[in-house]
Each structure stands twice: as structure tokens, then as C-alpha cells.
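Undergrad: work15.cif (mmCIF, C-alpha atoms and all ligand atoms) pasted underneath:
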data_query
#
loop_
_atom_site.label_atom_id
_atom_site.label_comp_id
_atom_site.auth_asym_id
_atom_site.auth_seq_id
_atom_site.Cartn_x
_atom_site.Cartn_y
_atom_site.Cartn_z
CA MET A 1 66.36 119.50 112.39
CA ASP A 2 65.26 116.48 114.41
CA PRO A 3 61.49 116.09 114.67
CA ASP A 4 61.19 117.09 118.33
CA ALA A 5 63.28 120.23 117.89
CA LEU A 6 61.30 121.13 114.79
CA TYR A 7 58.03 120.70 116.68
CA GLN A 8 59.24 122.78 119.61
CA ASP A 9 60.44 125.51 117.27
CA ILE A 10 57.03 125.77 115.63
CA VAL A 11 55.15 125.77 118.95
CA ASP A 12 57.47 128.54 120.20
CA LYS A 13 56.79 130.64 117.11
CA TYR A 14 53.05 130.15 117.62
CA SER A 15 53.47 131.29 121.22
CA ARG A 16 55.55 134.32 120.35
CA HIS A 17 53.99 135.42 117.08
CA ILE A 18 50.59 133.82 116.45
CA ASN A 19 48.50 133.02 119.49
CA PRO A 20 49.94 131.88 122.84
CA GLY A 21 46.64 130.55 124.21
CA LEU A 22 45.95 128.56 121.09
CA ALA A 23 49.47 127.14 121.09
CA LYS A 24 48.95 125.92 124.64
CA LEU A 25 45.55 124.42 123.87
CA MET A 26 46.77 122.52 120.80
CA ALA A 27 49.93 121.26 122.47
CA PHE A 28 47.90 120.10 125.48
CA ALA A 29 45.48 118.15 123.30
CA GLY A 30 48.47 116.44 121.73
CA PHE A 31 48.20 117.88 118.24
CA GLY A 32 51.53 117.55 116.47
CA LEU A 33 52.87 119.35 113.44
CA GLU A 34 51.06 118.37 110.28
CA VAL A 35 53.70 117.76 107.64
CA ARG A 36 51.82 115.77 105.03
CA ALA A 37 48.30 114.62 104.24
CA GLU A 38 46.83 112.38 101.62
CA GLY A 39 43.39 110.82 101.13
CA CYS A 40 41.90 110.16 104.57
CA HIS A 41 45.20 110.47 106.43
CA ILE A 42 47.29 113.15 108.09
CA TYR A 43 50.97 112.57 108.99
CA ASP A 44 52.74 114.42 111.80
CA HIS A 45 56.37 115.42 112.38
CA GLU A 46 57.17 112.04 113.90
CA GLY A 47 55.74 110.19 110.93
CA ARG A 48 52.65 109.13 112.87
CA LYS A 49 49.58 108.53 110.75
CA TYR A 50 46.09 109.72 111.73
CA LEU A 51 42.73 108.88 110.24
CA ASP A 52 41.15 112.28 109.69
CA CYS A 53 37.63 112.21 111.13
CA LEU A 54 37.48 115.97 111.46
CA GLY A 55 37.99 116.62 107.78
CA GLY A 56 38.83 120.29 108.26
CA TYR A 57 35.26 120.95 109.53
CA GLY A 58 33.98 119.88 106.14
CA VAL A 59 36.80 121.18 103.92
CA PHE A 60 38.17 117.75 103.03
CA ALA A 61 35.09 116.14 101.52
CA LEU A 62 37.29 114.71 98.76
CA GLY A 63 40.05 113.83 101.18
CA HIS A 64 43.43 115.50 101.23
CA LYS A 65 45.32 116.36 98.06
CA HIS A 66 42.83 114.80 95.67
CA PRO A 67 44.88 114.16 92.49
CA LYS A 68 42.22 115.53 90.12
CA VAL A 69 41.90 118.80 92.01
CA VAL A 70 45.67 119.15 92.41
CA GLU A 71 46.07 118.49 88.68
CA ALA A 72 43.43 121.08 87.72
CA VAL A 73 45.05 123.70 89.95
CA LYS A 74 48.56 122.93 88.63
CA ARG A 75 47.36 123.23 85.06
CA GLN A 76 45.77 126.60 85.84
CA LEU A 77 48.86 127.71 87.74
CA ASP A 78 51.00 127.18 84.66
CA LEU A 79 48.45 128.80 82.36
CA MET A 80 47.49 131.83 84.43
CA PRO A 81 47.29 131.87 88.24
CA LEU A 82 45.42 135.14 88.68
CA SER A 83 44.00 137.56 86.15
CA GLY A 84 43.26 141.24 86.34
CA LYS A 85 39.63 142.09 86.85
CA ALA A 86 39.15 143.98 83.60
CA PHE A 87 39.05 140.93 81.28
CA PHE A 88 36.63 138.02 81.32
CA ASN A 89 37.75 135.04 83.41
CA GLY A 90 37.06 131.57 81.99
CA PRO A 91 37.33 129.36 85.08
CA GLN A 92 34.94 131.64 86.98
CA ALA A 93 32.34 131.38 84.20
CA ASP A 94 32.72 127.60 83.99
CA LEU A 95 32.31 127.14 87.74
CA ALA A 96 29.29 129.47 87.92
CA GLU A 97 27.59 127.48 85.15
CA LYS A 98 28.40 124.16 86.84
CA LEU A 99 27.14 125.38 90.20
CA SER A 100 23.82 126.48 88.76
CA SER A 101 23.39 123.02 87.20
CA VAL A 102 23.79 121.20 90.54
CA ALA A 103 22.23 123.75 92.94
CA PRO A 104 18.57 123.78 93.99
CA GLU A 105 16.39 125.10 91.19
CA GLY A 106 16.29 128.84 90.75
CA LEU A 107 19.82 129.54 91.99
CA GLU A 108 21.21 130.63 88.65
CA PHE A 109 23.76 133.25 89.69
CA THR A 110 26.93 133.15 91.79
CA PHE A 111 29.12 135.77 93.44
CA PHE A 112 32.57 134.40 94.33
CA SER A 113 34.64 135.27 97.39
CA ASN A 114 37.32 133.58 99.47
CA SER A 115 35.71 132.17 102.60
CA GLY A 116 32.51 131.16 104.29
CA THR A 117 32.10 134.34 106.25
CA GLU A 118 32.51 136.45 103.10
CA ALA A 119 29.88 134.33 101.37
CA VAL A 120 27.54 135.09 104.27
CA GLU A 121 28.38 138.82 104.22
CA ALA A 122 27.38 138.94 100.56
CA ALA A 123 24.14 137.05 101.22
CA LEU A 124 23.18 139.47 104.00
CA LYS A 125 23.95 142.50 101.84
CA PHE A 126 22.03 141.07 98.88
CA ALA A 127 19.00 140.29 101.06
CA LYS A 128 18.94 143.85 102.37
CA ALA A 129 19.36 145.41 98.94
CA ALA A 130 16.78 143.14 97.30
CA THR A 131 14.08 143.74 99.91
CA GLY A 132 14.90 147.26 101.07
CA ARG A 133 14.52 145.93 104.60
CA GLU A 134 16.95 145.71 107.50
CA LYS A 135 16.00 142.98 109.87
CA ILE A 136 17.65 139.57 109.67
CA VAL A 137 16.29 136.56 111.55
CA SER A 138 18.87 134.00 112.66
CA THR A 139 18.91 131.05 115.02
CA VAL A 140 20.27 130.44 118.50
CA GLY A 141 23.41 128.31 118.17
CA GLY A 142 23.71 129.09 114.46
CA TYR A 143 27.19 129.62 113.06
CA HIS A 144 27.71 131.90 110.09
CA GLY A 145 31.26 133.21 110.46
CA LYS A 146 33.19 135.84 112.38
CA THR A 147 33.35 139.04 110.31
CA ILE A 148 31.18 141.86 111.68
CA GLY A 149 28.04 141.14 109.64
CA ALA A 150 28.20 137.36 109.72
CA LEU A 151 29.14 137.44 113.39
CA ALA A 152 26.02 139.45 114.13
CA THR A 153 24.02 136.45 112.88
CA THR A 154 26.16 133.88 114.72
CA GLY A 155 24.03 132.70 117.61
CA ARG A 156 26.54 132.47 120.42
CA GLU A 157 27.16 135.49 122.63
CA LYS A 158 30.66 134.46 123.67
CA TYR A 159 31.98 135.30 120.20
CA ARG A 160 29.95 138.49 119.77
CA THR A 161 30.30 140.31 123.11
CA PRO A 162 33.90 141.56 122.73
CA PHE A 163 33.05 143.17 119.40
CA THR A 164 29.76 144.98 119.91
CA PRO A 165 28.13 146.92 118.42
CA LEU A 166 27.86 144.56 115.45
CA MET A 167 25.47 144.85 112.52
CA PRO A 168 22.17 145.93 114.13
CA GLY A 169 18.77 144.42 113.45
CA VAL A 170 19.33 140.71 114.07
CA ASP A 171 16.72 138.62 115.88
CA TYR A 172 17.50 135.13 117.16
CA VAL A 173 14.90 132.42 117.32
CA PRO A 174 15.31 128.86 118.65
CA TYR A 175 16.53 126.48 115.93
CA GLY A 176 13.79 124.13 114.78
CA ASP A 177 10.98 126.34 116.07
CA LEU A 178 8.78 127.32 113.12
CA ASP A 179 6.30 129.40 115.08
CA ALA A 180 9.05 131.57 116.54
CA ALA A 181 10.57 132.06 113.07
CA ARG A 182 7.19 132.96 111.59
CA GLU A 183 6.59 135.54 114.28
CA ALA A 184 10.04 137.13 113.92
CA LEU A 185 9.76 137.21 110.12
CA ASN A 186 6.47 139.00 110.22
CA GLY A 187 8.13 142.02 111.75
CA HIS A 188 9.16 143.25 108.30
CA ALA A 189 12.30 141.10 107.98
CA ALA A 190 14.65 141.12 104.99
CA ALA A 191 15.62 137.47 105.43
CA MET A 192 15.99 134.41 107.56
CA ILE A 193 19.46 132.84 107.59
CA VAL A 194 19.66 129.20 108.60
CA GLU A 195 21.81 126.07 108.34
CA PRO A 196 20.05 122.88 107.12
CA ILE A 197 21.82 121.14 110.01
CA GLN A 198 23.53 123.27 112.64
CA GLY A 199 27.22 122.40 112.45
CA GLU A 200 29.08 124.37 115.11
CA GLY A 201 25.91 124.51 117.18
CA GLY A 202 26.44 120.82 117.91
CA ILE A 203 25.29 118.91 114.78
CA ILE A 204 21.63 119.67 115.40
CA VAL A 205 19.17 118.12 112.97
CA PRO A 206 15.92 120.11 112.82
CA PRO A 207 12.50 118.43 112.86
CA LYS A 208 11.26 117.19 109.51
CA GLY A 209 9.44 119.92 107.64
CA TYR A 210 11.43 122.74 109.24
CA LEU A 211 13.17 124.01 106.11
CA PRO A 212 10.05 123.76 103.90
CA GLY A 213 8.15 125.49 106.71
CA LEU A 214 10.67 128.33 106.72
CA ARG A 215 10.34 128.59 102.95
CA THR A 216 6.60 129.14 103.33
CA ALA A 217 7.02 131.50 106.28
CA CYS A 218 9.50 133.63 104.30
CA ASP A 219 7.16 133.75 101.31
CA GLU A 220 4.28 134.82 103.53
CA ALA A 221 6.39 137.61 105.03
CA SER A 222 7.90 138.59 101.64
CA ALA A 223 11.29 137.88 103.19
CA LEU A 224 14.14 135.94 101.59
CA LEU A 225 15.38 132.53 102.71
CA ILE A 226 19.18 132.31 103.00
CA VAL A 227 20.38 128.75 103.46
CA ASP A 228 23.95 128.63 104.75
CA GLU A 229 25.44 125.50 103.19
CA VAL A 230 29.05 126.39 103.94
CA GLN A 231 29.40 123.17 105.93
CA THR A 232 26.54 121.02 104.60
CA GLY A 233 27.10 121.72 100.88
CA LEU A 234 28.60 119.31 98.34
CA ALA A 235 27.46 115.89 99.53
CA ARG A 236 28.35 116.20 103.23
CA THR A 237 24.87 115.18 104.39
CA GLY A 238 24.24 112.45 101.84
CA ALA A 239 22.58 114.85 99.41
CA MET A 240 24.32 117.36 97.14
CA PHE A 241 23.00 120.14 99.40
CA GLY A 242 21.25 120.04 102.75
CA SER A 243 18.31 121.84 101.13
CA ASP A 244 17.82 118.91 98.74
CA HIS A 245 16.61 116.49 101.43
CA GLU A 246 13.22 118.19 101.41
CA GLY A 247 13.41 119.88 98.03
CA VAL A 248 13.72 123.41 99.37
CA ARG A 249 14.60 126.24 97.00
CA PRO A 250 16.39 129.05 98.82
CA ASP A 251 16.60 132.61 97.48
CA LEU A 252 20.24 132.74 98.50
CA MET A 253 22.67 129.96 99.32
CA THR A 254 26.21 130.17 100.67
CA LEU A 255 29.02 127.71 99.99
CA ALA A 256 32.70 127.53 100.92
CA LYS A 257 34.55 124.78 102.79
CA ALA A 258 34.29 121.71 100.51
CA LEU A 259 33.96 123.77 97.34
CA GLY A 260 37.72 124.31 97.21
CA GLY A 261 38.22 120.55 96.86
CA GLY A 262 40.47 120.57 99.93
CA VAL A 263 43.07 122.46 97.90
CA MET A 264 42.03 126.11 97.51
CA PRO A 265 40.08 128.60 99.63
CA ILE A 266 36.85 129.78 98.01
CA GLY A 267 33.47 131.20 98.98
CA ALA A 268 30.34 131.39 96.85
CA THR A 269 26.99 133.14 97.27
CA MET A 270 24.33 131.83 94.94
CA GLY A 271 21.05 133.59 94.26
CA THR A 272 18.02 133.81 92.03
CA ALA A 273 17.68 136.00 88.93
CA LYS A 274 15.22 138.14 90.86
CA VAL A 275 17.68 138.85 93.67
CA TRP A 276 20.51 139.50 91.21
CA GLU A 277 18.45 141.93 89.20
CA ALA A 278 17.58 143.88 92.35
CA VAL A 279 21.16 143.93 93.65
CA PHE A 280 23.31 144.28 90.55
CA GLY A 281 20.76 145.81 88.16
CA PRO A 282 21.25 149.38 89.40
CA ASN A 283 25.02 148.98 89.81
CA PRO A 284 27.03 145.96 88.59
CA LEU A 285 29.91 146.94 90.90
CA VAL A 286 27.85 147.33 94.07
CA HIS A 287 29.59 144.32 95.63
CA THR A 288 33.07 143.19 94.54
CA SER A 289 36.10 141.25 95.76
CA THR A 290 39.67 141.58 94.52
CA PHE A 291 40.59 137.94 94.94
CA GLY A 292 37.11 136.41 94.75
CA GLY A 293 36.63 134.26 91.66
CA GLY A 294 40.37 133.79 91.21
CA GLU A 295 41.38 131.30 88.52
CA LEU A 296 43.06 128.80 90.84
CA ALA A 297 40.15 128.69 93.26
CA CYS A 298 37.59 128.32 90.47
CA ALA A 299 39.61 125.59 88.74
CA ALA A 300 39.66 123.75 92.08
CA GLY A 301 35.91 124.28 92.55
CA LEU A 302 35.02 122.91 89.14
CA ALA A 303 37.26 119.87 89.62
CA ALA A 304 35.78 119.32 93.09
CA ILE A 305 32.21 119.16 91.81
CA GLN A 306 33.28 116.82 89.00
CA VAL A 307 34.93 114.50 91.53
CA VAL A 308 31.79 114.53 93.72
CA GLU A 309 29.83 113.38 90.66
CA GLU A 310 32.34 110.90 89.21
CA GLU A 311 33.07 109.19 92.52
CA GLY A 312 29.44 109.07 93.63
CA LEU A 313 30.20 110.94 96.84
CA VAL A 314 26.57 111.76 97.56
CA GLU A 315 25.77 108.06 97.78
CA ARG A 316 28.98 107.20 99.60
CA SER A 317 28.34 109.90 102.18
CA ARG A 318 24.87 108.48 102.77
CA VAL A 319 25.93 104.83 103.02
CA ARG A 320 29.06 105.36 105.15
CA GLY A 321 27.07 107.79 107.28
CA VAL A 322 24.47 105.13 108.08
CA GLN A 323 27.28 102.72 108.98
CA LEU A 324 29.15 105.17 111.20
CA LYS A 325 26.02 106.32 112.96
CA ALA A 326 24.98 102.75 113.74
CA LEU A 327 28.41 101.93 115.17
CA LEU A 328 28.47 105.09 117.29
CA GLU A 329 24.94 104.35 118.44
CA GLY A 330 26.23 100.96 119.63
CA VAL A 331 28.93 102.73 121.67
CA ARG A 332 26.31 105.04 123.15
CA GLU A 333 24.23 102.08 124.29
CA ARG A 334 27.24 100.60 126.09
CA HIS A 335 28.14 103.93 127.73
CA ALA A 336 24.77 105.57 128.26
CA ASP A 337 26.10 107.27 131.41
CA LEU A 338 28.60 109.32 129.38
CA VAL A 339 27.08 109.57 125.91
CA THR A 340 23.66 111.14 125.72
CA ALA A 341 23.05 111.29 121.98
CA VAL A 342 24.33 110.37 118.53
CA ARG A 343 22.81 112.38 115.71
CA GLY A 344 23.43 113.60 112.20
CA VAL A 345 22.82 112.96 108.54
CA GLY A 346 25.27 111.53 106.03
CA LEU A 347 28.84 112.01 107.23
CA MET A 348 28.00 114.93 109.48
CA ILE A 349 27.61 113.20 112.80
CA GLY A 350 27.78 114.51 116.35
CA VAL A 351 28.13 112.68 119.64
CA GLU A 352 26.89 114.49 122.72
CA PHE A 353 28.26 113.85 126.20
CA ALA A 354 26.69 114.18 129.61
CA MET A 355 29.49 116.43 130.91
CA ASP A 356 31.74 119.12 129.43
CA GLU A 357 35.14 117.49 130.09
CA VAL A 358 34.34 114.16 128.46
CA GLY A 359 34.57 115.47 124.90
CA GLU A 360 37.97 117.03 125.32
CA LEU A 361 39.44 114.01 127.11
CA THR A 362 38.00 111.64 124.54
CA ILE A 363 39.52 113.67 121.71
CA VAL A 364 42.94 113.42 123.35
CA GLN A 365 42.53 109.66 123.75
CA MET A 366 41.35 109.21 120.17
CA LEU A 367 44.37 111.10 118.91
CA LYS A 368 46.62 108.67 120.81
CA ARG A 369 44.83 105.91 118.92
CA GLY A 370 45.50 107.52 115.56
CA VAL A 371 42.14 109.12 114.89
CA CYS A 372 41.52 112.85 114.95
CA ALA A 373 38.20 114.47 115.80
CA ALA A 374 37.19 117.78 117.38
CA TYR A 375 34.35 119.39 119.23
CA THR A 376 31.88 121.86 117.76
CA LEU A 377 32.67 125.56 118.29
CA ASN A 378 29.35 126.61 119.80
CA ASN A 379 28.88 123.45 121.83
CA PRO A 380 31.94 121.80 123.44
CA ARG A 381 29.81 118.93 124.73
CA VAL A 382 29.53 117.61 121.20
CA ILE A 383 32.33 116.00 119.22
CA ARG A 384 31.90 115.73 115.52
CA PHE A 385 32.74 113.12 112.94
CA GLU A 386 33.11 114.72 109.53
CA PRO A 387 35.59 112.45 107.73
CA PRO A 388 36.37 112.68 104.02
CA LEU A 389 33.45 111.25 102.03
CA ILE A 390 35.87 108.82 100.37
CA ILE A 391 36.34 107.01 103.71
CA SER A 392 36.17 103.20 103.40
CA GLU A 393 34.04 100.74 105.33
CA GLU A 394 37.13 99.52 107.23
CA GLN A 395 38.17 103.05 108.12
CA VAL A 396 34.71 103.82 109.46
CA ALA A 397 34.99 100.74 111.69
CA GLN A 398 38.46 101.87 112.80
CA ALA A 399 37.11 105.30 113.77
CA ALA A 400 34.27 103.80 115.80
CA ASP A 401 36.66 101.36 117.56
CA ALA A 402 39.04 104.19 118.44
CA PHE A 403 36.13 106.19 119.82
CA SER A 404 34.93 103.26 121.90
CA GLU A 405 38.40 102.61 123.37
CA ALA A 406 38.98 106.31 123.98
CA LEU A 407 35.74 106.52 125.88
CA LEU A 408 36.68 103.57 128.09
CA GLU A 409 40.01 105.19 128.89
CA THR A 410 38.27 108.51 129.62
CA LYS A 411 35.90 106.73 131.98
CA GLU A 412 38.83 105.26 133.90
CA LEU A 413 40.54 108.65 134.07
CA LEU A 414 37.39 110.30 135.40
CA ALA A 415 36.90 107.52 137.96
CA ALA A 416 40.52 107.99 139.12
CA VAL A 417 40.05 111.72 139.82
CA ALA A 418 36.53 111.39 141.27
C1 LIG B 501 32.57 127.46 108.77
C2 LIG B 501 31.27 128.10 108.55
C3 LIG B 501 31.16 129.44 108.21
C4 LIG B 501 32.35 130.36 108.16
O1 LIG B 501 33.29 129.98 107.19
P1 LIG B 501 34.78 130.56 107.25
O2 LIG B 501 35.39 130.09 105.96
O3 LIG B 501 35.43 129.97 108.45
O4 LIG B 501 34.67 132.03 107.33
C5 LIG B 501 29.91 129.96 107.94
N1 LIG B 501 28.82 129.19 108.00
C6 LIG B 501 28.86 127.87 108.33
C7 LIG B 501 27.62 127.07 108.36
C8 LIG B 501 30.10 127.29 108.64
O5 LIG B 501 30.16 126.01 109.00
#
Take the structure in this file and express it as C-alpha cells.
TA:
Amino acid sequence: MDPDALYQDIVDKYSRHINPGLAKLMAFAGFGLEVRAEGCHIYDHEGRKYLDCLGGYGVFALGHKHPKVVEAVKRQLDLMPLSGKAFFNGPQADLAEKLSSVAPEGLEFTFFSNSGTEAVEAALKFAKAATGREKIVSTVGGYHGKTIGALATTGREKYRTPFTPLMPGVDYVPYGDLDAAREALNGHAAAMIVEPIQGEGGIIVPPKGYLPGLRTACDEASALLIVDEVQTGLARTGAMFGSDHEGVRPDLMTLAKALGGGVMPIGATMGTAKVWEAVFGPNPLVHTSTFGGGELACAAGLAAIQVVEEEGLVERSRVRGVQLKALLEGVRERHADLVTAVRGVGLMIGVEFAMDEVGELTIVQMLKRGVCAAYTLNNPRVIRFEPPLIISEEQVAQAADAFSEALLETKELLAAVA
């Protein structure tokens, strides 16, 4: 089939069998059919090459199709793709051990699932079981997934309203506000769930001392601290975990996105011995998952962490992040009327615009210039740069140039319709 016909065929199938509104939205923004991806690049049906600055919302920390992860998964595929649950499973044990060696101190145990939202569901259940309490404190603008429990803690009404009633007992406090958190926790809460940096909320960096402050507040209220590192985990923010920047030790920590090495889906909920004893002590089967901890996913996870270590991705994320942020800051200074803020840590950077439409138009224009980015789910005024951590100095410059040109073009378009 010729490329255009192939593209049209796929868009039609999306419209008829997947999601008509989404098909329209993606086609309008100019997203083609992704046929191949490697390293920092995505290739569409017409053979066009895009620098991936979205990075699958944090999935592609190692880039696309990292050879070491692909190799580990292929080896496992030939050996045994999926085992029954009755026997011990080697890759799961190896990954759990590796995770406990890199995670913040005290997180010795891991429960494996298949996605971020499942990792959050488990954390919420464990917090309730371990404390015997019900109330969960979350943050306005926080994003923790879209299954019923996780959605109840996701701080944007638009996603919750059609599905109420959700899990009851969730309080929302403003992100970054320690006093509000302290007050909410003191009402007999089971846990506080929080992202080290709000991702979908618009790449919001909390004030220094926020996470350590929450740690203390949770201790004082005998509540647990759940740090959701689904997006920030595995070197994204220039530290192995977002919690590491200020040496915070959560009681529970969730991981997913980057943990699959950009090859396999996986979710992980890590916790302390104390939490595990309370949850699984009375009943080792109290929480289970048929596919969670599958051999292929765990082989990918182990390889992914090894690559993060071998290729120094923590340091690269930090250094390239400083470079990208400085370049974007330069663009902001030249276009202060349109760009109101550049913020982030490591290679998790957000650019905030003065008006809603600017982000969407700029994304379209960037795509035309061979760079893909996207806005944050809970805050369409913010576009995010979350490229693979293996991105080079030249590629960072290319991304910033494309952004600058796209913004100029957007400005002209807006002036023309004004
Ligand atoms: C993406 C995300 C989730 C949900 O993960 P899914 O795999 O999409 O279910 C949860 N928490 C955070 C912080 C996320 O960024």
C-alpha cells in the first residue's frame, strides 16, 4: 500500500473502531503513523524523521529499542516468555533485588504489576491495610492514573466527574503547601500520595523542603508517605529517583513508565518491611496480579536499570537538562509575551504559555520542524520536554531551535487571526 493510503486506512480504523475524537485530534495536530523508532528518533509512514522530545511521557528514558533491553527480552522470550504462578520466577526475583539496591533506603520489597495506575492502586491498598485507616491525602493537579482508586487521587475534576462515585475518602491539598498537608493528614489519614515533581499537572517543581516536610508531617500523623515516581523514577530528574534530591525515604514508592526500558510494560510498588509485614503477613495472596512480574517485563526492567547505571544516565539527564533549560529560558526571554515560565529538573522540563492555544499551535509547528513534544494532561498551557536521557548536546540544541522557530511562526499565525 502506498504511504498515504496506508495512513488513511489506519486513521479510518481509529475512527470506526478505536476513538473517533482522538483520531480527529491526532490527525489535526499532524501526527503521522509511527512505523519505526530507534534511539532518539521516530520515523513516520512517509519516512520522515522526528526527534522525540516527548519520550512517551517518560517511557523512553533509554531511547527507543535500546539494544541491551531488546537483547535481554529476546533471550527471555526464547527461554520462557511467561511462567505459571505456582513456581518461583527468576527474573522477578532478580529485578526485585536490583530495585531494592537502587531505591531510597528502606524500600526492600516490591510488588509487580503492568502499569502506573496499577502500581498506584497497590500502594493505596497497602497504605490502607497497613494503617487500618481510610483517608488518603492527595494534591490538586496531581496525576496518579485512571483506574477507579488511582483516579480518585488524581487531582483534576474533568477526569473524575463522569465516573463518580470513585473511591471515597480522598482529600486534596494544594501542591507545595506543607501546612495544608499537615492539617489534612492530622485527620486520621492512612497516607499522603505525592509526585516529587508534578508531571501531568504542568511540570510543577515544589518549594525546597517540601518532600522532607511531608515525610515529617506523615510521621507526626502516623500516616504513610507514598511517593509516586511513575514519571520521575529512573534518572528522569537528574537523580535516580525524585525522592533522592532531598534524601527522602518514602514508605511506599510507585514506578512504571521508564522501568520497562522502553520495550515492555511494567508497574512496580515498592515498600518497607514494616508495610509488607502488615499487608502480606496475614495473607500472602491478599493482593495479586496474573501478568504482574512476568518474565519478559522483569528481564526488561533489570536490563533497563543496568543501562541507566552503565551509561551514566543520571548524570547525563542532569547535564543535558541544565543545557536544555538554559536554551529554553533564552527563548522565553525573547518571547516574554507568549512564554511565561520555563521550569523543571533534569530532563523533565515544562514551558508555560500565556494563553491556552499557544501550546497546541506550537506543538503543530514543532512537528513540522521534525521535533515532537506534547502538552501535559492536567494543564494544556504547559508543553513538556521529556526526551530520551541519551539525547546529545547537538540534539538538545536542535530541539530548542525548533521550539524557537515554532514559536515565531505561532506568533505570526496569532497576529494574522487577531
Ligand atoms: C503516567 C502516570 C501514572 C499512570 O500510569 P499509567 O501507566 O498510564 O497507568 C501514574 N502516576 C504518574 C505520576 C504518572 O506520570
Undergrad: Residues contacting ligand LIG 501 (chain B) - anything with an atom at most 6 Å away, using all atoms listed in the file - can you give me those as number ranges by chain?
TA: A: 115-117, 143-145, 195, 199, 228-231
Undergrad: Measuring between only C-alpha atoms, which one of A:Val70, A:Ala235, A:Val140, A:Leu255 shows the shortest distance to Glu118 in chain A?
TA: A:Leu255
Undergrad: Write out as a list in words which residues come within 7 Å of range 355-359 of chain A when counting all atoms listed in the file, dropping same-chain ones fewer than 4 positions away.
TA: Ile363, Tyr375, Pro380, Arg381, Val382, Ile383 and Thr410 of chain A
Undergrad: What's around Ser404 in chain A at 10 Å? Count all atoms listed in the file, leave out sequence neighbours fewer than 5 positions away in its own chain, and write the answer as a PyMOL selection string.
TA: chain A and resi 327-328+330-332+334-335+362+366+398-399+409-410
Undergrad: List the neighbours of Lys257 in chain A out to 10 Å using all atoms listed in the file; skip same-chain residues closer than 4 positions along the sequence, and give me the result as a PyMOL selection string.
TA: chain A and resi 56-61+114-116+229-234+261-262+264-268
